[in-house]
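File shown: run-v2.cif. Contents: mmCIF, C-alpha atoms.
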```cif
data_start
loop_
_atom_site.label_atom_id
_atom_site.label_comp_id
_atom_site.auth_asym_id
_atom_site.auth_seq_id
_atom_site.Cartn_x
_atom_site.Cartn_y
_atom_site.Cartn_z
CA MET A 1143 68.79 -39.01 -53.38
CA ARG A 1144 67.34 -35.59 -52.57
CA LYS A 1145 69.48 -33.58 -50.27
CA ILE A 1146 67.92 -31.53 -47.49
CA LEU A 1147 69.55 -28.27 -48.42
CA ASP A 1148 66.82 -25.69 -48.58
CA PHE A 1149 66.97 -24.43 -45.02
CA TYR A 1150 70.73 -24.48 -44.70
CA THR A 1151 71.69 -23.09 -48.11
CA ASP A 1152 69.24 -20.18 -48.09
CA GLY A 1153 71.36 -17.04 -48.08
CA LYS A 1154 74.60 -18.94 -47.35
CA GLU A 1155 77.15 -18.74 -50.18
CA ASP A 1156 79.92 -20.65 -48.35
CA PHE A 1157 77.82 -23.70 -47.66
CA ASP A 1158 79.74 -27.01 -48.01
CA GLU A 1159 77.63 -29.64 -49.69
CA ASN A 1160 79.65 -32.42 -48.05
CA GLU A 1161 78.23 -31.38 -44.68
CA ALA A 1162 74.65 -31.74 -45.88
CA VAL A 1163 72.34 -34.17 -44.16
CA TYR A 1164 70.52 -36.74 -46.28
CA GLU A 1165 67.12 -38.23 -45.58
CA GLU A 1166 68.42 -41.82 -45.05
CA ASP A 1167 70.74 -40.48 -42.30
CA ILE A 1168 67.83 -39.07 -40.18
CA ASN A 1169 66.58 -41.23 -37.31
CA PRO A 1170 62.73 -41.35 -37.46
CA GLU A 1171 62.52 -41.39 -33.64
CA VAL A 1172 64.58 -38.21 -33.48
CA VAL A 1173 62.34 -36.54 -36.05
CA GLU A 1174 59.26 -37.50 -34.04
CA MET A 1175 60.80 -36.21 -30.84
CA VAL A 1176 61.74 -32.93 -32.52
CA GLU A 1177 58.22 -32.49 -33.84
CA GLU A 1178 56.76 -33.05 -30.37
CA LEU A 1179 59.12 -30.50 -28.88
CA LYS A 1180 58.19 -27.99 -31.58
CA ASN A 1181 54.47 -28.53 -30.91
CA GLU A 1182 54.97 -28.22 -27.17
CA GLY A 1183 56.83 -24.98 -27.75
CA LYS A 1184 53.95 -23.59 -29.82
CA ALA A 1185 51.42 -24.69 -27.20
CA SER A 1186 53.37 -23.18 -24.35
CA LYS A 1187 53.65 -19.88 -26.21
CA GLY A 1188 49.87 -19.85 -26.84
CA THR A 1189 49.16 -20.72 -23.21
CA ARG A 1190 51.46 -18.00 -21.95
CA PHE A 1191 49.78 -15.52 -24.29
CA PHE A 1192 46.33 -16.34 -23.01
CA GLN A 1193 47.55 -16.27 -19.44
CA ILE A 1194 48.94 -12.79 -19.97
CA VAL A 1195 45.72 -11.59 -21.61
CA SER A 1196 43.59 -13.14 -18.83
CA GLY A 1197 45.74 -11.47 -16.20
CA LEU A 1198 45.40 -8.09 -17.86
CA MET A 1199 41.64 -8.53 -18.14
CA ALA A 1200 41.43 -9.43 -14.45
CA ILE A 1201 43.40 -6.33 -13.50
CA VAL A 1202 41.19 -4.12 -15.71
CA SER A 1203 38.07 -5.73 -14.25
CA VAL A 1204 39.18 -5.13 -10.65
CA CYS A 1205 40.11 -1.53 -11.42
CA SER A 1206 36.74 -0.98 -13.12
CA MET A 1207 34.89 -2.44 -10.14
CA LEU A 1208 36.79 -0.19 -7.75
CA TYR A 1209 36.07 2.85 -9.93
CA ILE A 1210 32.36 2.07 -10.25
CA LYS A 1211 32.15 1.45 -6.51
CA SER A 1212 33.81 4.79 -5.86
CA LEU A 1213 31.03 6.53 -7.79
CA TYR A 1214 28.49 5.29 -5.28
CA LEU A 1215 30.30 6.35 -2.15
CA PRO A 1216 28.38 9.30 -0.63
CA GLU A 1217 31.48 11.43 -0.25
CA ASP A 1218 32.72 10.90 -3.84
CA ARG A 1219 29.60 10.18 -5.85
CA GLN A 1220 29.42 11.86 -9.22
CA PHE A 1221 26.61 14.30 -9.96
CA ASP A 1222 24.41 13.00 -12.75
CA MET A 1223 20.93 11.64 -13.29
CA ALA A 1224 21.90 7.99 -13.02
CA ASN A 1225 23.45 8.00 -9.59
CA MET A 1226 22.10 10.90 -7.54
CA PHE A 1227 19.90 8.62 -5.48
CA ILE A 1228 19.71 5.10 -4.19
CA GLY A 1229 16.03 4.57 -3.48
CA SER A 1230 15.11 7.24 -0.95
CA ASP A 1231 18.70 8.09 -0.04
CA VAL A 1232 20.59 11.02 -1.51
CA CYS A 1233 24.10 10.00 -2.56
CA VAL A 1234 25.92 13.03 -3.89
CA SER A 1235 28.92 14.85 -2.53
CA ASP A 1236 28.64 18.03 -0.47
CA HIS A 1237 30.24 19.93 -3.33
CA CYS A 1238 27.49 18.82 -5.72
CA VAL A 1239 24.81 19.66 -3.15
CA ASN A 1240 26.18 23.17 -2.70
CA SER A 1241 26.39 23.65 -6.46
CA VAL A 1242 22.74 22.71 -6.95
CA MET A 1243 21.64 24.89 -4.03
CA GLU A 1244 23.44 27.93 -5.42
CA GLU A 1245 21.89 27.40 -8.85
CA LEU A 1246 18.37 27.08 -7.45
CA LEU A 1247 18.78 30.10 -5.21
CA GLU A 1248 19.88 32.18 -8.20
CA LEU A 1249 16.68 31.11 -9.97
CA GLY A 1250 14.59 32.27 -7.02
CA TYR A 1251 13.60 28.86 -5.63
CA ALA A 1252 13.19 28.51 -1.88
CA VAL A 1253 15.76 26.03 -0.62
CA ASP A 1254 15.56 24.24 2.72
CA GLU A 1255 19.09 23.25 3.67
CA GLU A 1256 17.83 20.60 6.09
CA ASN A 1257 15.76 18.81 3.47
CA MET A 1258 17.40 17.06 0.55
CA ASN A 1259 14.24 16.85 -1.56
CA TYR A 1260 15.02 20.18 -3.20
CA LEU A 1261 17.45 18.17 -5.36
CA LEU A 1262 14.37 16.94 -7.21
CA LEU A 1263 13.84 20.52 -8.33
CA ASN A 1264 17.11 20.23 -10.21
CA ALA A 1265 15.53 17.56 -12.43
CA ILE A 1266 12.71 19.95 -13.28
CA HIS A 1267 15.11 22.80 -13.97
CA CYS A 1268 17.25 20.60 -16.28
CA ASN A 1269 14.25 19.28 -18.22
CA ASP A 1270 14.43 20.87 -21.67
CA ASN A 1271 10.94 19.57 -22.53
CA LEU A 1272 9.21 21.95 -20.10
CA THR A 1273 8.41 25.63 -20.48
CA ASP A 1274 9.38 28.06 -17.72
CA GLU A 1275 5.74 28.22 -16.62
CA GLU A 1276 5.51 24.43 -16.43
CA LYS A 1277 8.78 24.25 -14.49
CA GLU A 1278 7.48 26.77 -11.97
CA PHE A 1279 4.27 24.78 -11.56
CA CYS A 1280 6.15 21.50 -11.10
CA CYS A 1281 8.37 23.06 -8.43
CA GLY A 1282 5.21 23.67 -6.39
CA PHE A 1283 5.18 19.97 -5.52
CA ILE A 1284 8.16 20.29 -3.18
CA ASP A 1285 5.81 20.13 -0.15
CA MET A 1286 4.49 16.81 -1.38
CA PHE A 1287 8.07 15.53 -1.79
CA ASN A 1288 8.77 16.54 1.79
CA ASP A 1289 5.60 14.95 3.21
CA ASN A 1290 6.04 11.57 1.50
CA PRO A 1291 8.91 9.50 2.95
CA TYR A 1292 8.05 6.53 0.72
CA LEU A 1293 8.98 8.06 -2.63
CA ASP A 1294 11.64 6.30 -4.68
CA LYS A 1295 13.52 9.52 -5.33
CA GLU A 1296 15.77 8.07 -7.99
CA ARG A 1297 12.72 7.06 -10.03
CA VAL A 1298 11.06 10.44 -9.37
CA TYR A 1299 14.20 12.30 -10.45
CA HIS A 1300 14.36 10.33 -13.68
CA SER A 1301 10.64 10.88 -14.35
CA LEU A 1302 10.79 14.64 -13.77
CA LEU A 1303 13.95 15.01 -15.82
CA ASN A 1304 12.28 13.37 -18.83
CA LEU A 1305 8.67 14.52 -18.34
CA ASP A 1306 6.96 15.86 -21.44
CA ILE A 1307 3.65 17.80 -21.36
CA SER A 1308 1.46 18.31 -24.41
CA TYR A 1309 -1.92 19.98 -24.90
CA LYS A 1310 -3.84 18.37 -27.72
CA ASN A 1311 -7.16 17.03 -28.89
CA ARG A 1312 -8.34 13.87 -27.22
CA PRO A 1313 -7.17 10.76 -29.13
CA TYR A 1314 -10.01 8.55 -30.33
CA ILE A 1315 -8.91 5.69 -28.06
CA TYR A 1316 -10.01 7.66 -24.96
CA GLU A 1317 -13.57 8.24 -23.78
CA ASP A 1318 -15.01 11.77 -23.74
CA SER A 1319 -14.81 11.85 -19.95
CA VAL A 1320 -11.01 11.51 -20.02
CA GLU A 1321 -9.48 14.97 -19.59
CA GLY A 1322 -5.84 13.98 -19.31
CA VAL A 1323 -3.50 11.00 -19.16
CA TYR A 1324 -0.03 10.14 -17.94
CA ILE A 1325 1.90 7.38 -19.72
CA ASP A 1326 4.75 6.27 -17.50
CA LYS A 1327 6.56 4.34 -20.24
CA TYR A 1328 7.17 7.58 -22.15
CA LYS A 1329 7.07 9.96 -19.14
CA SER A 1330 4.43 11.84 -21.12
CA ILE A 1331 1.39 13.85 -20.00
CA GLY A 1332 -1.43 14.71 -22.38
CA VAL A 1333 -4.04 17.34 -21.44
CA PHE A 1334 -7.17 17.22 -23.62
CA VAL A 1335 -9.24 20.09 -22.18
CA ASN A 1336 -8.90 23.77 -21.40
CA ASP A 1337 -7.13 23.73 -18.06
CA PRO A 1338 -6.66 27.32 -16.82
CA ASP A 1339 -6.29 26.40 -13.14
CA LYS A 1340 -4.03 23.43 -14.04
CA ALA A 1341 -6.23 21.02 -12.10
CA VAL A 1342 -5.90 18.32 -14.77
CA LEU A 1343 -2.17 18.91 -15.16
CA GLY A 1344 -1.63 18.76 -11.39
CA HIS A 1345 -3.49 15.45 -11.17
CA GLU A 1346 -1.35 13.92 -13.93
CA ILE A 1347 1.92 15.23 -12.44
CA ILE A 1348 1.04 13.44 -9.19
CA HIS A 1349 0.57 10.27 -11.25
CA CYS A 1350 4.06 10.90 -12.62
CA ILE A 1351 5.58 11.44 -9.16
CA CYS A 1352 3.83 8.52 -7.45
CA ALA A 1353 3.60 6.09 -10.37
CA ASN A 1354 3.26 2.47 -9.22
CA ASP A 1355 3.29 -0.84 -11.05
CA GLY A 1356 -0.44 -0.88 -11.81
CA SER A 1357 -1.35 -3.52 -9.23
CA LEU A 1358 -3.57 -1.21 -7.15
CA PRO A 1359 -7.36 -0.90 -7.60
CA THR A 1360 -8.27 1.87 -10.06
CA PHE A 1361 -10.64 3.67 -7.67
CA PHE A 1362 -7.88 3.77 -5.06
CA VAL A 1363 -5.26 5.18 -7.45
CA GLU A 1364 -7.55 7.89 -8.82
CA GLY A 1365 -9.05 8.77 -5.45
CA MET A 1366 -5.64 9.08 -3.78
CA THR A 1367 -4.22 11.10 -6.68
CA GLU A 1368 -7.11 13.57 -6.57
CA LEU A 1369 -7.08 13.76 -2.77
CA LEU A 1370 -3.38 14.69 -2.90
CA ALA A 1371 -4.10 17.23 -5.64
CA ASN A 1372 -6.80 18.79 -3.48
CA GLU A 1373 -4.60 19.06 -0.40
CA TYR A 1374 -1.53 20.42 -2.19
CA LEU A 1375 -3.04 22.45 -5.05
CA SER A 1376 -6.62 23.50 -4.30
CA ASP A 1377 -7.85 26.58 -2.45
CA SER A 1378 -10.80 24.47 -1.24
CA PRO A 1379 -9.06 21.25 -0.23
CA PHE A 1380 -11.86 19.73 1.83
CA ILE A 1381 -14.78 20.12 -0.58
CA GLU A 1382 -13.16 20.01 -3.99
CA PHE A 1383 -15.22 17.42 -5.85
CA LYS A 1384 -14.91 18.28 -9.52
CA HIS A 1385 -12.95 15.09 -10.26
CA TYR A 1386 -13.39 11.63 -8.70
CA PRO A 1387 -15.45 12.78 -5.66
CA PHE A 1388 -16.67 9.32 -4.66
CA GLU A 1389 -13.27 7.76 -5.11
CA ILE A 1390 -11.99 10.46 -2.72
CA TYR A 1391 -14.59 9.62 -0.08
CA ALA A 1392 -13.79 5.91 -0.40
CA VAL A 1393 -10.10 6.67 0.13
CA LYS A 1394 -10.87 8.94 3.09
CA MET A 1395 -12.82 6.07 4.66
CA LEU A 1396 -9.71 3.90 4.26
CA CYS A 1397 -7.55 6.65 5.76
CA ASP A 1398 -9.87 6.87 8.78
CA THR A 1399 -9.76 3.09 9.28
CA ALA A 1400 -6.40 1.74 8.06
CA GLY A 1401 -4.55 4.99 8.80
CA SER A 1402 -3.48 7.77 6.44
CA ASP A 1403 0.23 6.87 6.71
CA VAL A 1404 -0.51 3.27 5.73
CA VAL A 1405 -2.65 4.45 2.82
CA LEU A 1406 0.10 6.79 1.61
CA LYS A 1407 2.72 4.06 1.77
CA ALA A 1408 0.48 1.58 -0.06
CA TYR A 1409 -0.25 4.11 -2.79
CA THR A 1410 3.38 5.16 -3.24
CA THR A 1411 4.91 1.69 -3.16
CA GLY A 1412 2.09 -0.13 -4.95
CA ASN A 1413 1.53 -2.54 -2.06
CA MET A 1414 -2.17 -2.93 -1.24
CA ASP A 1415 -1.37 -5.67 1.31
CA LEU A 1416 -0.39 -2.92 3.75
CA ILE A 1417 -4.01 -1.72 3.87
CA TYR A 1418 -5.46 -5.24 4.10
CA GLU A 1419 -3.20 -6.03 7.06
CA ALA A 1420 -3.94 -2.73 8.81
CA LEU A 1421 -7.71 -3.25 8.52
CA ALA A 1422 -7.42 -6.86 9.69
CA SER A 1423 -5.46 -5.73 12.76
CA TYR A 1424 -8.66 -4.04 14.02
CA SER A 1425 -11.35 -6.42 12.79
CA GLY A 1426 -11.77 -9.63 10.83
CA SER A 1427 -9.12 -11.20 8.63
CA VAL A 1428 -7.03 -10.17 5.66
CA ASP A 1429 -9.54 -12.01 3.45
CA ASP A 1430 -12.36 -9.92 4.94
CA ALA A 1431 -10.40 -6.76 4.16
CA LYS A 1432 -9.71 -7.91 0.60
CA LYS A 1433 -13.38 -8.69 0.08
CA ALA A 1434 -14.42 -5.21 1.30
CA ILE A 1435 -11.93 -3.43 -1.00
CA GLY A 1436 -12.94 -5.77 -3.82
CA ILE A 1437 -16.58 -4.67 -3.48
CA PHE A 1438 -15.46 -1.04 -3.66
CA GLU A 1439 -13.58 -1.75 -6.87
CA LYS A 1440 -16.41 -3.74 -8.50
CA LEU A 1441 -18.93 -1.04 -7.58
CA PHE A 1442 -16.85 1.70 -9.22
CA LEU A 1443 -16.20 -0.39 -12.33
CA PHE A 1444 -19.94 -1.03 -12.67
CA LEU A 1445 -20.97 2.61 -12.13
CA ASP A 1446 -18.28 3.78 -14.57
CA GLY A 1447 -19.68 1.43 -17.21
CA LYS A 1448 -16.55 -0.74 -17.30
CA SER A 1449 -18.38 -3.78 -15.98
CA GLU A 1450 -21.79 -5.01 -17.11
CA ASN A 1451 -22.79 -6.82 -13.94
CA LEU A 1452 -22.23 -6.59 -10.21
CA ASP A 1453 -20.75 -9.74 -8.66
CA PHE A 1454 -22.39 -9.04 -5.30
CA ASN A 1455 -25.85 -8.19 -3.97
CA ASN A 1456 -27.02 -5.41 -1.66
CA ASP A 1457 -26.73 -7.56 1.46
CA GLU A 1458 -23.10 -8.38 0.65
CA MET A 1459 -22.32 -4.72 0.06
CA THR A 1460 -23.94 -3.78 3.36
CA ASN A 1461 -22.38 -6.54 5.45
CA ASP A 1462 -19.03 -7.18 3.76
CA LEU A 1463 -18.18 -3.57 2.94
CA PHE A 1464 -19.90 -1.01 5.13
CA MET A 1465 -20.55 -3.09 8.25
CA TYR A 1466 -17.01 -4.46 8.08
CA LEU A 1467 -15.41 -1.00 7.82
CA ASN A 1468 -17.77 0.24 10.57
CA SER A 1469 -16.48 -2.49 12.87
CA VAL A 1470 -12.89 -1.50 12.05
CA ALA A 1471 -13.61 2.16 12.86
CA ASN A 1472 -15.41 1.33 16.09
CA ASN A 1473 -12.66 -1.02 17.27
CA LYS A 1474 -9.98 1.49 16.33
CA TYR A 1475 -11.49 4.52 18.03
CA GLY A 1476 -13.61 2.94 20.75
CA ASP A 1477 -17.26 3.63 21.50
CA ASN A 1478 -16.81 6.15 24.30
CA SER A 1479 -13.50 7.80 23.59
CA GLU A 1480 -13.87 11.58 23.44
CA GLU A 1481 -10.30 11.84 22.16
CA PHE A 1482 -11.21 10.15 18.89
CA ASN A 1483 -14.73 11.52 18.47
CA PHE A 1484 -13.73 13.72 15.54
CA ASP A 1485 -11.88 10.98 13.68
CA ARG A 1486 -14.65 8.45 14.18
CA SER A 1487 -17.24 11.02 13.11
CA SER A 1488 -15.09 11.85 10.08
CA TYR A 1489 -15.29 8.22 8.96
CA TYR A 1490 -19.09 8.13 9.16
CA TYR A 1491 -19.32 11.57 7.54
CA ASN A 1492 -17.31 10.34 4.56
CA GLN A 1493 -19.49 7.26 4.38
CA ILE A 1494 -22.63 9.42 4.19
CA LEU A 1495 -21.15 11.50 1.36
CA PHE A 1496 -20.03 8.34 -0.43
CA LEU A 1497 -23.55 6.91 -0.36
CA ASN A 1498 -24.67 9.82 -2.53
CA ILE A 1499 -23.10 7.85 -5.38
CA PHE A 1500 -26.43 6.07 -5.73
CA ASP A 1501 -28.39 9.31 -6.19
CA SER A 1502 -29.55 10.25 -9.70
CA LYS A 1503 -27.87 13.67 -9.29
CA SER A 1504 -25.02 12.62 -7.09
CA LYS A 1505 -23.02 15.87 -7.03
CA ASP A 1506 -26.11 17.89 -6.17
CA ALA A 1507 -26.72 15.45 -3.33
CA ILE A 1508 -23.15 16.04 -2.08
CA SER A 1509 -23.70 19.81 -2.03
CA ALA A 1510 -26.94 19.39 -0.10
CA ASP A 1511 -25.21 17.24 2.53
CA LEU A 1512 -22.32 19.68 2.82
CA GLU A 1513 -24.73 22.53 3.47
CA GLU A 1514 -26.66 20.51 6.04
CA LEU A 1515 -23.82 18.70 7.84
CA GLY A 1516 -21.00 21.18 7.46
CA VAL A 1517 -17.50 20.41 6.23
CA PHE A 1518 -14.95 18.36 8.12
CA CYS A 1519 -11.71 20.33 7.84
CA LYS A 1520 -9.44 17.32 8.23
CA PRO A 1521 -6.19 17.08 6.24
CA TYR A 1522 -4.71 13.62 5.79
CA PHE A 1523 -1.33 14.27 4.18
CA SER A 1524 -0.36 17.94 3.84
CA SER A 1525 1.81 19.06 6.78
CA LYS A 1526 1.05 22.67 5.88
CA LEU A 1527 -2.71 22.06 6.18
CA LYS A 1528 -2.18 20.12 9.39
CA THR A 1529 -0.44 23.15 10.85
CA GLU A 1530 -3.24 25.47 9.70
CA TYR A 1531 -5.97 23.11 10.91
CA CYS A 1532 -4.17 21.92 14.03
CA ASN A 1533 -7.50 21.60 15.86
CA PRO A 1534 -10.47 19.61 14.55
CA THR A 1535 -13.02 21.91 12.94
CA ILE A 1536 -16.34 21.60 11.15
CA GLY A 1537 -17.28 24.52 8.93
CA ILE A 1538 -20.60 25.50 7.38
CA LEU A 1539 -20.51 26.67 3.77
CA ASP A 1540 -20.23 30.42 3.12
CA ASN A 1541 -21.37 31.40 6.63
CA ALA A 1542 -18.62 29.45 8.34
CA THR A 1543 -19.53 28.57 11.90
CA VAL A 1544 -17.80 26.06 14.11
CA VAL A 1545 -19.46 23.45 16.29
CA ASN A 1546 -16.74 23.65 18.92
CA GLU A 1547 -14.57 26.28 20.56
CA HIS A 1548 -11.85 26.29 17.89
CA ASP A 1549 -11.12 29.02 15.37
CA ILE A 1550 -13.67 29.73 12.65
CA GLU A 1551 -12.56 28.52 9.24
CA LYS A 1552 -13.96 29.79 5.98
CA VAL A 1553 -14.76 27.10 3.44
CA LYS A 1554 -15.90 27.69 -0.13
CA VAL A 1555 -17.30 25.46 -2.86
CA LYS A 1556 -15.68 25.88 -6.27
#
```

Mind turning this structure into structure tokens?
Amino acid sequence: MRKILDFYTDGKEDFDENEAVYEEDINPEVVEMVEELKNEGKASKGTRFFQIVSGLMAIVSVCSMLYIKSLYLPEDRQFDMANMFIGSDVCVSDHCVNSVMEELLELGYAVDEENMNYLLLNAIHCNDNLTDEEKEFCCGFIDMFNDNPYLDKERVYHSLLNLDISYKNRPYIYEDSVEGVYIDKYKSIGVFVNDPDKAVLGHEIIHCICANDGSLPTFFVEGMTELLANEYLSDSPFIEFKHYPFEIYAVKMLCDTAGSDVVLKAYTTGNMDLIYEALASYSGSVDDAKKAIGIFEKLFLFLDGKSENLDFNNDEMTNDLFMYLNSVANNKYGDNSEEFNFDRSSYYYNQILFLNIFDSKSKDAISADLEELGVFCKPYFSSKLKTEYCNPTIGILDNATVVNEHDIEKVKVK
């Protein structure tokens, strides 16, 4: 019979063989019980190990959550691109704010301590893709930051920090009429023409600042972008019509009816429903408003050669677009209200200039109307222009005269 000696004799020289245990002396039930106890011992050790590991992971997770949360507290928030803003709220510590202010002041930037939008200038300053000249030009948009409460400043900060500007030949995929593009995915601007006054660059930077999700009508996006460029960048903000003139007049008509603040919010947030609802609050229904804006969009697509056919006839355009917006304007301002005479007249003035889109030489027709009717000096967004033109004025080109008692304003055509 084989003795079970291996375990006991290993390393033991004084082992007594007479004390050895033989296989026939082992109770099978005892062996089974011992094996179960051994297995339970192994299992309990494994369970305790995993319990310990799980506990440690839970502690680490809680600590991590507390640390991450601490980053987003206004008084303790860290200063970096990822967490300077939550939407339109600035969330950096006073120490970080003071540090940025001191740096910008040393660079010669004007800093308004009561307005936090100057922090966006820090993104421009830290952008290694831009030249000093481009940085200086981009910093000129601070007034637009201040006048637009609907900007997602975190997105704007990220866009300006990563913006890249290149001047190159027009890629073959773009039509000859395209002078510049902004591609939001790459935060990249391409300028394809000689642009000494930076009119094209300014237009594309506004696209960068106010980029939306692409759900807005094209005429509305381009008209609003150029209208903002005119008010914030041009020396002739009320008659600048080198780019997208008819889109501008269409947008001005919407500003005079739906309200410029509503239009700005819709453009910045990408929510066209705001305009539909505002128009419907004065006349008709939301569907009527959608149909009117839809005719605008189809008309521009057809005239730009992007659509072969018009899906509406002249009667529909007259009744569902112009007559509808006329009813909105009349209900909004009232037929006999002297207080709103200028605003109501501004709407019809913009409509007259818009109708020149059907003329064979449309821009020449605009110039003729400007000379005959004068220029409505009415800013819609720029607070600086609103201060300068605090009273409603109508100027005549070159020989500026005013049709009321307010100050004479000089207006020039570029």

What separates atom CA of A:Tyr1418 and atom CA of A:Lys1432 is a distance of 6.1 Å

For stretch 1322-1389 of chain A against stretch 1306-1316 of chain A, with a cut-off of 6 Å and counting all atoms listed in the file, what is the closest atom pair and its distance in Å to one decimal for every residue that makes the cut, ordered by chain and number, as JSON lines?
```
{"residue": "A:Ser1330", "atom": "CA", "partner": "A:Asp1306", "partner_atom": "CA", "distance": 4.8}
{"residue": "A:Ile1331", "atom": "CA", "partner": "A:Ile1307", "partner_atom": "CA", "distance": 4.7}
{"residue": "A:Gly1332", "atom": "CA", "partner": "A:Ser1308", "partner_atom": "CA", "distance": 5.0}
{"residue": "A:Val1333", "atom": "CA", "partner": "A:Tyr1309", "partner_atom": "CA", "distance": 4.8}
{"residue": "A:Phe1334", "atom": "CA", "partner": "A:Arg1312", "partner_atom": "CA", "distance": 5.1}
```

For the PyMOL selection byres ((chain A and resi 1407) around 10), applied here, can you spell out every residue it catches as an NGL selection string?
:A and (1290-1293 or 1402-1406 or 1408-1414 or 1416-1417)

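If you look at atom CA of A:Phe1464 and atom CA of A:Ser1378, they are 27.8 Å away from each other.
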
task: Name the residues, using the chain letters and numbers of the file, that sit within 10 Å of (11.3, 12.2, -14.9) when counting all atoms listed in the file, and give them as a ChimeraX atom specification.
output: /A:1223,1262,1265-1266,1269,1296-1306,1326,1328-1330,1350-1351

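Minimum atom-to-atom distance to A:Gly1447, evaluated using all atoms listed in the file, belongs to A:Glu1317 out of A:Asp1337, A:Ile1348, A:Glu1317, A:Phe1383.
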
Quiz prompt | Polymer residues at most 12 Å from A:Phe1279, only C-alpha atoms, same-chain spacing of 2 or more positions, as a VMD selection string | solution = chain A and resid 1251 1263 1266 to 1267 1272 to 1277 1281 to 1284 1339 to 1341 1343 to 1344 1347 1374 to 1375

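Candidate residues A:Tyr1424, A:Ile1499, A:Ile1435, A:Ile1381 were compared for distance to A:Glu1513, and the nearest is A:Ile1381, using only C-alpha atoms.
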
**Q.** Explicit residues for the PyMOL selection byres ((chain A and resi 1466) around 12) (as number ranges by chain)
**A.** A: 1395-1396, 1399, 1421-1422, 1424-1435, 1437, 1458-1465, 1467-1473

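Put simply, atom CA of A:Tyr1386 is 14.8 Å away from atom CA of A:Ser1509.
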
Closest of A:Phe1523, A:Asp1289, A:Asp1377, A:Leu1358 to A:Cys1397, counting all atoms listed in the file, is A:Phe1523

Shortest contact to A:Leu1441, candidates A:Gly1401, A:Phe1361, A:Asn1498, A:Leu1515, atoms counted all atoms listed in the file, goes to A:Phe1361
